[in-house]
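**Q** Before anything else, here's the structure in question.
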Amino acid sequence: GAGVSQSPSNKVTEKGKDVELRCDPISGHTALYWYRQRLGQGLEFLIYFQGNSAPDKSGLPSDRFSAERTGESVSTLTIQRTQQEDSAVYLCASTRARESGANVLTFGAGSRLTVL
Amino acid sequence: QKEAEQNSGPLSVPEGAIASLNCTYSDRGSQSFFWYRQYSGKSPELIMFIYSNGDKEDGRFTAQLNKASQYVSLLIRDSQPSDSATYLCAVTSGTYKYIFGTGTRLKVLA
């Protein structure tokens, strides 16, 4: 697509429920990132996918968080048993990941999660 | 731990003035440097990137990189109220890891 597409744009859920967030990267972008941004805070790295390589999950804050991506297509971020502290905007970004030159991250509009 | 540090602000400048935003980074091996603008409630959008020492100009924006001193700056000339936003620097060292600063909030006063 023309840009990074994320859905839903807004999600309100009750504590303890599971949520799934979706990201559709720019066509041809092999690298995909998930970030979390709490209100008034900076970007917190969650997970990185590059093609068919093993993802870097080092930023996932707990085992309630998981993410999947098949090849270079759509990614889903799943949060199980949501807690109020999970309330944040979840940003997805993608890039071509060329070996040389600057790889510019393009962000989606984000999914705002509110846990009541 | 690799870091990128920014003054959180707010940095207030009058309309028409030059706004100067700074970012210092810890990894001497850093190779690419990015400036993103984030309006309240929106996602970050790229302003410009730089990877060579010196200045790079794009319209009213100039990025300045000094690898010896490990800082990268963004100058905004003829600042407009529409420039009011949070500015994020990001640094990479040739790997896939982007190190983001926490951002500087800029307020341009009309």
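Order determines the names: the first chain of the structure tokens is A, the second B, and so forth; residues in each chain are numbered 1 upward, and ligands are numbered 1 upward as they are shown.
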Give me, as a PyMOL selection string, the residues of stretch 10-93 of chain A that a backbone DSSP run labels strand (DSSP E or B).

**A** chain A and resi 10-13+19-24+31-37+44-50+56+65-69+75-79+88-93

**Q** With 8 Å as the cut-off and only C-alpha atoms counted, what is the closest atom pair between each nearby residue of chain B and chain A? Distances in Å to one decimal, ordered by chain and number, as CSV.

**A**
```
residue,atom,partner,partner_atom,distance
B:Ser32,CA,A:Ala102,CA,5.9
B:Phe34,CA,A:Val104,CA,8.0
B:Lys42,CA,A:Ala109,CA,6.6
B:Ser43,CA,A:Ala109,CA,5.4
B:Pro44,CA,A:Phe107,CA,6.5
B:Glu45,CA,A:Phe107,CA,7.0
B:Leu46,CA,A:Thr106,CA,7.5
B:Phe49,CA,A:Ala102,CA,7.4
B:Ile50,CA,A:Ala102,CA,7.9
B:Tyr51,CA,A:Ala102,CA,7.4
B:Tyr96,CA,A:Ala97,CA,7.6
B:Phe100,CA,A:Leu43,CA,6.7
B:Gly101,CA,A:Gly42,CA,7.1
B:Thr102,CA,A:Gly42,CA,4.5
B:Gly103,CA,A:Gly42,CA,6.8
```

**Q** Next, the residues of the selection above should be written as a PDB file, in the first residue's frame with N, CA, C and O atoms.

**A**
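Okay, this is what ended up in out-v8.pdb:
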```
ATOM      1  N   SER B  32      23.712   6.702  10.872  1.00  0.00           N
ATOM      2  CA  SER B  32      22.606   7.443  10.251  1.00  0.00           C
ATOM      3  C   SER B  32      21.815   8.143  11.339  1.00  0.00           C
ATOM      4  O   SER B  32      21.605   7.587  12.421  1.00  0.00           O
ATOM      5  N   PHE B  34      18.373  10.735  12.139  1.00  0.00           N
ATOM      6  CA  PHE B  34      17.071  11.116  11.609  1.00  0.00           C
ATOM      7  C   PHE B  34      16.416  12.128  12.539  1.00  0.00           C
ATOM      8  O   PHE B  34      16.575  12.061  13.762  1.00  0.00           O
ATOM      9  N   LYS B  42      -0.610  12.436  16.968  1.00  0.00           N
ATOM     10  CA  LYS B  42      -0.279  11.872  15.664  1.00  0.00           C
ATOM     11  C   LYS B  42       0.979  11.012  15.768  1.00  0.00           C
ATOM     12  O   LYS B  42       1.647  10.996  16.792  1.00  0.00           O
ATOM     13  N   SER B  43       1.301  10.326  14.681  1.00  0.00           N
ATOM     14  CA  SER B  43       2.499   9.494  14.666  1.00  0.00           C
ATOM     15  C   SER B  43       3.690  10.299  14.126  1.00  0.00           C
ATOM     16  O   SER B  43       3.503  11.323  13.480  1.00  0.00           O
ATOM     17  N   PRO B  44       4.900   9.855  14.402  1.00  0.00           N
ATOM     18  CA  PRO B  44       6.081  10.582  13.918  1.00  0.00           C
ATOM     19  C   PRO B  44       6.155  10.574  12.391  1.00  0.00           C
ATOM     20  O   PRO B  44       5.846   9.579  11.749  1.00  0.00           O
ATOM     21  N   GLU B  45       6.605  11.699  11.841  1.00  0.00           N
ATOM     22  CA  GLU B  45       6.825  11.794  10.403  1.00  0.00           C
ATOM     23  C   GLU B  45       8.231  12.334  10.171  1.00  0.00           C
ATOM     24  O   GLU B  45       8.699  13.214  10.890  1.00  0.00           O
ATOM     25  N   LEU B  46       8.883  11.791   9.162  1.00  0.00           N
ATOM     26  CA  LEU B  46      10.275  12.149   8.893  1.00  0.00           C
ATOM     27  C   LEU B  46      10.387  13.583   8.400  1.00  0.00           C
ATOM     28  O   LEU B  46       9.637  14.009   7.521  1.00  0.00           O
ATOM     29  N   PHE B  49      17.049  13.225   7.123  1.00  0.00           N
ATOM     30  CA  PHE B  49      18.096  12.403   7.690  1.00  0.00           C
ATOM     31  C   PHE B  49      19.447  12.903   7.200  1.00  0.00           C
ATOM     32  O   PHE B  49      19.548  13.612   6.195  1.00  0.00           O
ATOM     33  N   ILE B  50      20.480  12.511   7.910  1.00  0.00           N
ATOM     34  CA  ILE B  50      21.835  12.930   7.560  1.00  0.00           C
ATOM     35  C   ILE B  50      22.788  11.827   7.961  1.00  0.00           C
ATOM     36  O   ILE B  50      22.563  11.137   8.966  1.00  0.00           O
ATOM     37  N   TYR B  51      23.834  11.584   7.189  1.00  0.00           N
ATOM     38  CA  TYR B  51      24.836  10.597   7.610  1.00  0.00           C
ATOM     39  C   TYR B  51      26.263  11.047   7.345  1.00  0.00           C
ATOM     40  O   TYR B  51      27.203  10.316   7.610  1.00  0.00           O
ATOM     41  N   TYR B  96      19.800  -2.787  12.643  1.00  0.00           N
ATOM     42  CA  TYR B  96      18.389  -2.439  12.510  1.00  0.00           C
ATOM     43  C   TYR B  96      17.854  -1.656  13.697  1.00  0.00           C
ATOM     44  O   TYR B  96      16.713  -1.225  13.693  1.00  0.00           O
ATOM     45  N   PHE B 100      15.859   6.066  19.700  1.00  0.00           N
ATOM     46  CA  PHE B 100      15.108   7.311  19.685  1.00  0.00           C
ATOM     47  C   PHE B 100      15.370   8.116  20.942  1.00  0.00           C
ATOM     48  O   PHE B 100      15.434   7.563  22.052  1.00  0.00           O
ATOM     49  N   GLY B 101      15.506   9.430  20.760  1.00  0.00           N
ATOM     50  CA  GLY B 101      15.479  10.317  21.911  1.00  0.00           C
ATOM     51  C   GLY B 101      14.052  10.455  22.397  1.00  0.00           C
ATOM     52  O   GLY B 101      13.102  10.045  21.722  1.00  0.00           O
ATOM     53  N   THR B 102      13.899  11.060  23.573  1.00  0.00           N
ATOM     54  CA  THR B 102      12.558  11.223  24.142  1.00  0.00           C
ATOM     55  C   THR B 102      11.829  12.429  23.566  1.00  0.00           C
ATOM     56  O   THR B 102      10.647  12.612  23.827  1.00  0.00           O
ATOM     57  N   GLY B 103      12.543  13.235  22.777  1.00  0.00           N
ATOM     58  CA  GLY B 103      11.875  14.336  22.083  1.00  0.00           C
ATOM     59  C   GLY B 103      11.984  15.666  22.785  1.00  0.00           C
ATOM     60  O   GLY B 103      12.064  15.733  24.019  1.00  0.00           O
TER      61      GLY B 103
END
```

**Q** Env of B:Asn53: 9 Å cut, atoms = only C-alpha atoms, seq-sep filter 6 positions within chain, self excluded. Answer as a ChimeraX atom specification.

**A** /B:64-68

**Q** Which one is closest to B:Val72: B:Ile18, B:Ser52, B:Ile47, B:Cys23? Count only C-alpha atoms.

**A**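 Closest to B:Val72, using only C-alpha atoms: B:Cys23.
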
**Q** Please provide as an MDAnalysis selection string all residues within 12 Å of stretch 6-15 of chain A, with the sequence filter that same-chain residues fewer than 4 positions apart are discarded (counting only C-alpha atoms).

**A** (chainID A and resid 1 19:26 34 74:77 79:94 107:116) or (chainID B and resid 41:43)

**Q** Mind giving me the straight-line distance from atom CA of B:Leu11 to atom CA of B:Lys107 in Å, one decimal?

**A**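 So the two atoms, atom CA of B:Leu11 and atom CA of B:Lys107, lie 6.0 Å apart.
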
**Q** Between atom CA of B:Gln31 and atom CA of B:Thr95, what is the distance, to one decimal in Å?

**A**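 Answer for the atom CA of B:Gln31 to atom CA of B:Thr95 separation: 9.4 Å.
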
**Q** For each of B:Pro14, B:Gly94, B:Gly59, B:Gly29, take the minimum atom-to-atom distance to B:Gln80, counting only C-alpha atoms, then give the residue where this is smallest.

**A**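 Selected residue with least distance to B:Gln80: B:Pro14.
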
**Q** In Å, rounded to a single decimal, give me how far atom CA of B:Glu5 is from atom CA of B:Ala110.

**A**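 Between atom CA of B:Ala110 and atom CA of B:Glu5 the gap works out to 28.3 Å.
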
**Q** Give me the residues within 8 Å of A:Glu72 as a list in words, counting only C-alpha atoms and dropping any in the same chain fewer than 3 places off.

**A**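 Here the qualifying residues turn out to be Gly28, His29, Thr30, Ala31, Gln50, Gly51, Asn52 and Arg69 of chain A.
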
**Q** Please dump the current selection as a short mmCIF file (atom, residue, chain, number, x, y, z; two decimals), in the first residue's frame; keep N, CA, C and O atoms.

**A**
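See again33.cif below for the written result:
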```cif
data_model
loop_
_atom_site.label_atom_id
_atom_site.label_comp_id
_atom_site.auth_asym_id
_atom_site.auth_seq_id
_atom_site.Cartn_x
_atom_site.Cartn_y
_atom_site.Cartn_z
N GLY A 28 6.95 -3.96 -0.23
CA GLY A 28 8.38 -3.97 -0.50
C GLY A 28 9.24 -3.68 0.71
O GLY A 28 10.46 -3.82 0.65
N HIS A 29 8.63 -3.28 1.80
CA HIS A 29 9.38 -3.04 3.03
C HIS A 29 9.56 -4.37 3.75
O HIS A 29 8.60 -4.97 4.24
N THR A 30 10.82 -4.79 3.86
CA THR A 30 11.09 -6.08 4.46
C THR A 30 11.14 -6.03 5.98
O THR A 30 10.94 -7.03 6.65
N ALA A 31 11.44 -4.87 6.52
CA ALA A 31 11.59 -4.74 7.97
C ALA A 31 10.36 -4.07 8.57
O ALA A 31 9.83 -3.11 8.02
N GLN A 50 12.43 -8.97 10.24
CA GLN A 50 13.15 -8.74 8.99
C GLN A 50 12.99 -9.98 8.12
O GLN A 50 13.58 -11.02 8.41
N GLY A 51 12.21 -9.86 7.07
CA GLY A 51 12.01 -10.96 6.15
C GLY A 51 11.61 -12.22 6.89
O GLY A 51 10.70 -12.22 7.72
N ASN A 52 12.31 -13.31 6.60
CA ASN A 52 12.02 -14.60 7.23
C ASN A 52 12.97 -14.91 8.37
O ASN A 52 12.97 -16.03 8.89
N ARG A 69 4.46 -12.33 12.22
CA ARG A 69 4.49 -11.78 10.86
C ARG A 69 4.84 -12.92 9.93
O ARG A 69 5.82 -13.64 10.16
#
```
